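Student: Sharing a structure, written as structure tokens. Questions coming.
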Amino acid sequence: MRQHFDLDICIRPCQAFKGNPLNFIRKDGKGGFEEPLVDTVIFRQNTEGMYGGIEWTNPPKQVRDAFETHPKMKGFANVPSEEIAISTRIVTKKYTERIIRAGFEYAKKFGYKNVTICEKPNVLRETSGMFMKLGKQIAKDYPGIDLWDTNIDAQMMWLTKIRKITE
């Protein structure tokens with residue numbers, strides 16, 4: 001049995017303080033700049049997903065055979081095993097529910113109006129799909145806190161649109 005010792009959730013608060021030279025700033029459209037309020041808290045998996053660390057370089061035959069049961073592995077059929085590295089992304093219902101609920105509990109305790117699940121459901125349909133499905137179920141227990149979802153690639157694009165002056 002795997003033990004997490006409550007280390008499965010990584011919590012990263014991100015808050016701007018007016019006048020801090022390290023704050024994000026952006027053009028205001030009038031030739032000047034504005035300091036947007038940043039007050040968010042990031043919750044991420046610390047022991048599941050890609051952080052499970054289940055990987056192989058030159059995967060053993062039984063691993064390769066197992067992966068080759070998936071139709072998308074046909075694209076790698078002619079690649080020798082010694083030229084392949086495989087990483088897995090494993091999420092469980094228990095710890096997915098735990099991190100989503102922790103986000104909602106934090107939002108409730110500190111007055112945040114929404115929880116956003118940032119995933120990659122266009123590519124990671126099963127694991128991201130589990131996050132979204134469970135998020136929608138759990139959100140019903142938290143009236144007044146909206147559940148948002150965004151694709152992580154789009155989220156990062158939006159974040160990079162915030163400009164920092166380095167003068």
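Please note that chains go A, B, ... in the order of the structure tokens, that every chain numbers its residues from 1, and that ligands are numbered from 1 in the order shown.
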Please provide the set of residues having any atom within 7 Å of A:Pro13, restricted to only C-alpha atoms, with same-chain residues fewer than 5 positions apart removed, written as a ChimeraX atom specification.
Tutor: /A:40-42
Student: Taking 2 positions as the minimum chain separation for residues in the same chain, which residues sit within 10 Å of stretch 108-111 of chain A when counting only C-alpha atoms? Answer as a PyMOL selection string.
Tutor: chain A and resi 102-106+113-115+142-145
Student: To test your reading of the structure, identify every residue in stretch 101-142 of chain A that backbone DSSP assigns to strand (DSSP E), and report it as number ranges by chain.
Tutor: A: 114-119
Student: Store the residues of this selection in a file with C-alpha atoms, as a PDB file, in the first residue's frame.
Tutor:
ATOM      1  CA  ASN A 114     -13.838  30.215  -8.055  1.00  0.00           C
ATOM      2  CA  VAL A 115     -11.662  27.163  -8.459  1.00  0.00           C
ATOM      3  CA  THR A 116     -10.067  26.522 -11.850  1.00  0.00           C
ATOM      4  CA  ILE A 117      -8.901  23.128 -13.031  1.00  0.00           C
ATOM      5  CA  CYS A 118      -6.000  23.582 -15.465  1.00  0.00           C
ATOM      6  CA  GLU A 119      -5.509  20.398 -17.427  1.00  0.00           C
TER       7      GLU A 119
END
Student: Quick one: residues within 7 Å of A:Leu134, only C-alpha atoms counted, chain neighbours fewer than 4 positions away excluded, as an MDAnalysis selection string?
Tutor: chainID A and resid 97 130 138
Student: Just the number, please: distance in Å from atom CA of A:Thr47 to atom CA of A:Ala107, one decimal.
Tutor: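 One can read the atom CA of A:Thr47 to atom CA of A:Ala107 distance as 22.4 Å.
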Student: Calculated over only C-alpha atoms, which of the candidates A:Asn23, A:Thr96, A:Gln62, A:Asn78 has the smallest distance to A:Glu48?
Tutor: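 Using only C-alpha atoms, A:Glu48 sits closest to A:Thr96.
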Student: When you count only C-alpha atoms, which of these residues is closest to A:Phe131: A:Asp146, A:Val38, A:Gln45, A:Ala85?
Tutor: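 Of the candidates, the smallest distance to A:Phe131 is held by A:Gln45.
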Student: At what distance in Å, to one decimal, does atom CA of A:Trp148 lie from atom CA of A:Met132?
Tutor: 9.6 Å
Student: From a DSSP calculation on the backbone, collect every residue of chain A in helix (DSSP H, G or I) and output the set as a PyMOL selection string.
Tutor: chain A and resi 50-52+61-67+71-76+81-83+93-110+125-139+152-160
Student: How about saving the chosen residues, C-alpha atoms kept, as a PDB file, in the first residue's frame?
Tutor:
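Saved result, out35.pdb, follows:
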ATOM      1  CA  MET A  50       3.785  12.878 -13.926  1.00  0.00           C
ATOM      2  CA  TYR A  51       5.220  13.090 -10.405  1.00  0.00           C
ATOM      3  CA  GLY A  52       4.682   9.361  -9.844  1.00  0.00           C
ATOM      4  CA  LYS A  61       9.626  -6.417 -23.108  1.00  0.00           C
ATOM      5  CA  GLN A  62       6.626  -6.781 -20.787  1.00  0.00           C
ATOM      6  CA  VAL A  63       6.322  -2.981 -20.493  1.00  0.00           C
ATOM      7  CA  ARG A  64       6.648  -2.484 -24.237  1.00  0.00           C
ATOM      8  CA  ASP A  65       4.135  -5.271 -24.890  1.00  0.00           C
ATOM      9  CA  ALA A  66       1.663  -3.693 -22.461  1.00  0.00           C
ATOM     10  CA  PHE A  67       1.994  -0.274 -24.100  1.00  0.00           C
ATOM     11  CA  PRO A  71      -3.624   1.749 -30.764  1.00  0.00           C
ATOM     12  CA  LYS A  72      -1.493   4.920 -30.685  1.00  0.00           C
ATOM     13  CA  MET A  73       1.652   2.857 -30.067  1.00  0.00           C
ATOM     14  CA  LYS A  74       1.467   1.727 -33.710  1.00  0.00           C
ATOM     15  CA  GLY A  75       3.317   4.935 -34.569  1.00  0.00           C
ATOM     16  CA  PHE A  76       6.304   3.638 -32.578  1.00  0.00           C
ATOM     17  CA  SER A  81      13.212  -0.247 -27.563  1.00  0.00           C
ATOM     18  CA  GLU A  82      16.692   1.099 -26.832  1.00  0.00           C
ATOM     19  CA  GLU A  83      15.622   4.320 -28.582  1.00  0.00           C
ATOM     20  CA  LYS A  93      -9.826   8.846  -7.892  1.00  0.00           C
ATOM     21  CA  LYS A  94      -8.925   9.124  -4.193  1.00  0.00           C
ATOM     22  CA  TYR A  95      -6.129  11.673  -4.604  1.00  0.00           C
ATOM     23  CA  THR A  96      -7.814  13.517  -7.459  1.00  0.00           C
ATOM     24  CA  GLU A  97     -10.849  14.052  -5.230  1.00  0.00           C
ATOM     25  CA  ARG A  98      -8.540  15.046  -2.385  1.00  0.00           C
ATOM     26  CA  ILE A  99      -6.745  17.795  -4.317  1.00  0.00           C
ATOM     27  CA  ILE A 100      -9.927  19.181  -5.862  1.00  0.00           C
ATOM     28  CA  ARG A 101     -11.691  19.213  -2.499  1.00  0.00           C
ATOM     29  CA  ALA A 102      -8.636  20.893  -0.920  1.00  0.00           C
ATOM     30  CA  GLY A 103      -8.885  23.640  -3.548  1.00  0.00           C
ATOM     31  CA  PHE A 104     -12.570  24.174  -2.822  1.00  0.00           C
ATOM     32  CA  GLU A 105     -12.012  24.133   0.941  1.00  0.00           C
ATOM     33  CA  TYR A 106      -9.260  26.725   0.581  1.00  0.00           C
ATOM     34  CA  ALA A 107     -11.497  28.893  -1.603  1.00  0.00           C
ATOM     35  CA  LYS A 108     -14.311  28.611   0.940  1.00  0.00           C
ATOM     36  CA  LYS A 109     -12.048  29.427   3.909  1.00  0.00           C
ATOM     37  CA  PHE A 110     -10.375  32.443   2.290  1.00  0.00           C
ATOM     38  CA  ARG A 125      -8.334  12.552 -22.253  1.00  0.00           C
ATOM     39  CA  GLU A 126      -8.485   9.893 -19.559  1.00  0.00           C
ATOM     40  CA  THR A 127      -6.506  11.492 -16.737  1.00  0.00           C
ATOM     41  CA  SER A 128      -7.620  15.070 -17.427  1.00  0.00           C
ATOM     42  CA  GLY A 129     -11.093  13.703 -18.005  1.00  0.00           C
ATOM     43  CA  MET A 130     -11.074  12.204 -14.512  1.00  0.00           C
ATOM     44  CA  PHE A 131     -10.116  15.596 -13.050  1.00  0.00           C
ATOM     45  CA  MET A 132     -12.937  17.328 -14.887  1.00  0.00           C
ATOM     46  CA  LYS A 133     -15.568  14.709 -14.076  1.00  0.00           C
ATOM     47  CA  LEU A 134     -14.702  14.666 -10.383  1.00  0.00           C
ATOM     48  CA  GLY A 135     -14.381  18.453 -10.291  1.00  0.00           C
ATOM     49  CA  LYS A 136     -17.944  18.845 -11.569  1.00  0.00           C
ATOM     50  CA  GLN A 137     -19.226  16.393  -8.965  1.00  0.00           C
ATOM     51  CA  ILE A 138     -17.348  18.029  -6.079  1.00  0.00           C
ATOM     52  CA  ALA A 139     -18.356  21.561  -7.156  1.00  0.00           C
ATOM     53  CA  ILE A 152      -3.062  24.480 -19.525  1.00  0.00           C
ATOM     54  CA  ASP A 153      -1.514  25.545 -22.851  1.00  0.00           C
ATOM     55  CA  ALA A 154      -4.082  28.339 -23.259  1.00  0.00           C
ATOM     56  CA  GLN A 155      -3.601  29.340 -19.618  1.00  0.00           C
ATOM     57  CA  MET A 156       0.135  29.696 -20.112  1.00  0.00           C
ATOM     58  CA  MET A 157      -0.431  31.764 -23.261  1.00  0.00           C
ATOM     59  CA  TRP A 158      -2.703  34.125 -21.312  1.00  0.00           C
ATOM     60  CA  LEU A 159      -0.098  34.430 -18.562  1.00  0.00           C
ATOM     61  CA  THR A 160       2.680  35.253 -21.027  1.00  0.00           C
TER      62      THR A 160
END
Student: To one decimal place in Å, what is the distance between atom CA of A:Asn20 and atom CA of A:Gly32?
Tutor: 17.2 Å
Student: Counting only C-alpha atoms, which residue out of A:Thr57, A:Thr69, A:Gln15, A:Asn151 sits closest to A:Val123?
Tutor: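 Smallest distance to A:Val123 is found for A:Asn151.
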Student: Rank A:Phe43, A:Val79, A:Tyr112, A:Asn122 by their smallest atom-to-atom distance to A:Leu147, using only C-alpha atoms, and report the top residue only.
Tutor: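 Smallest separation from A:Leu147 among the options: A:Tyr112.
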Student: Give the answer as one residue: which of A:Ile86, A:Leu7, A:Gly29, A:Ala77 has the shortest atom-to-atom distance to A:Arg44, using only C-alpha atoms?
Tutor: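 Distance minimum relative to A:Arg44 lands on A:Leu7.
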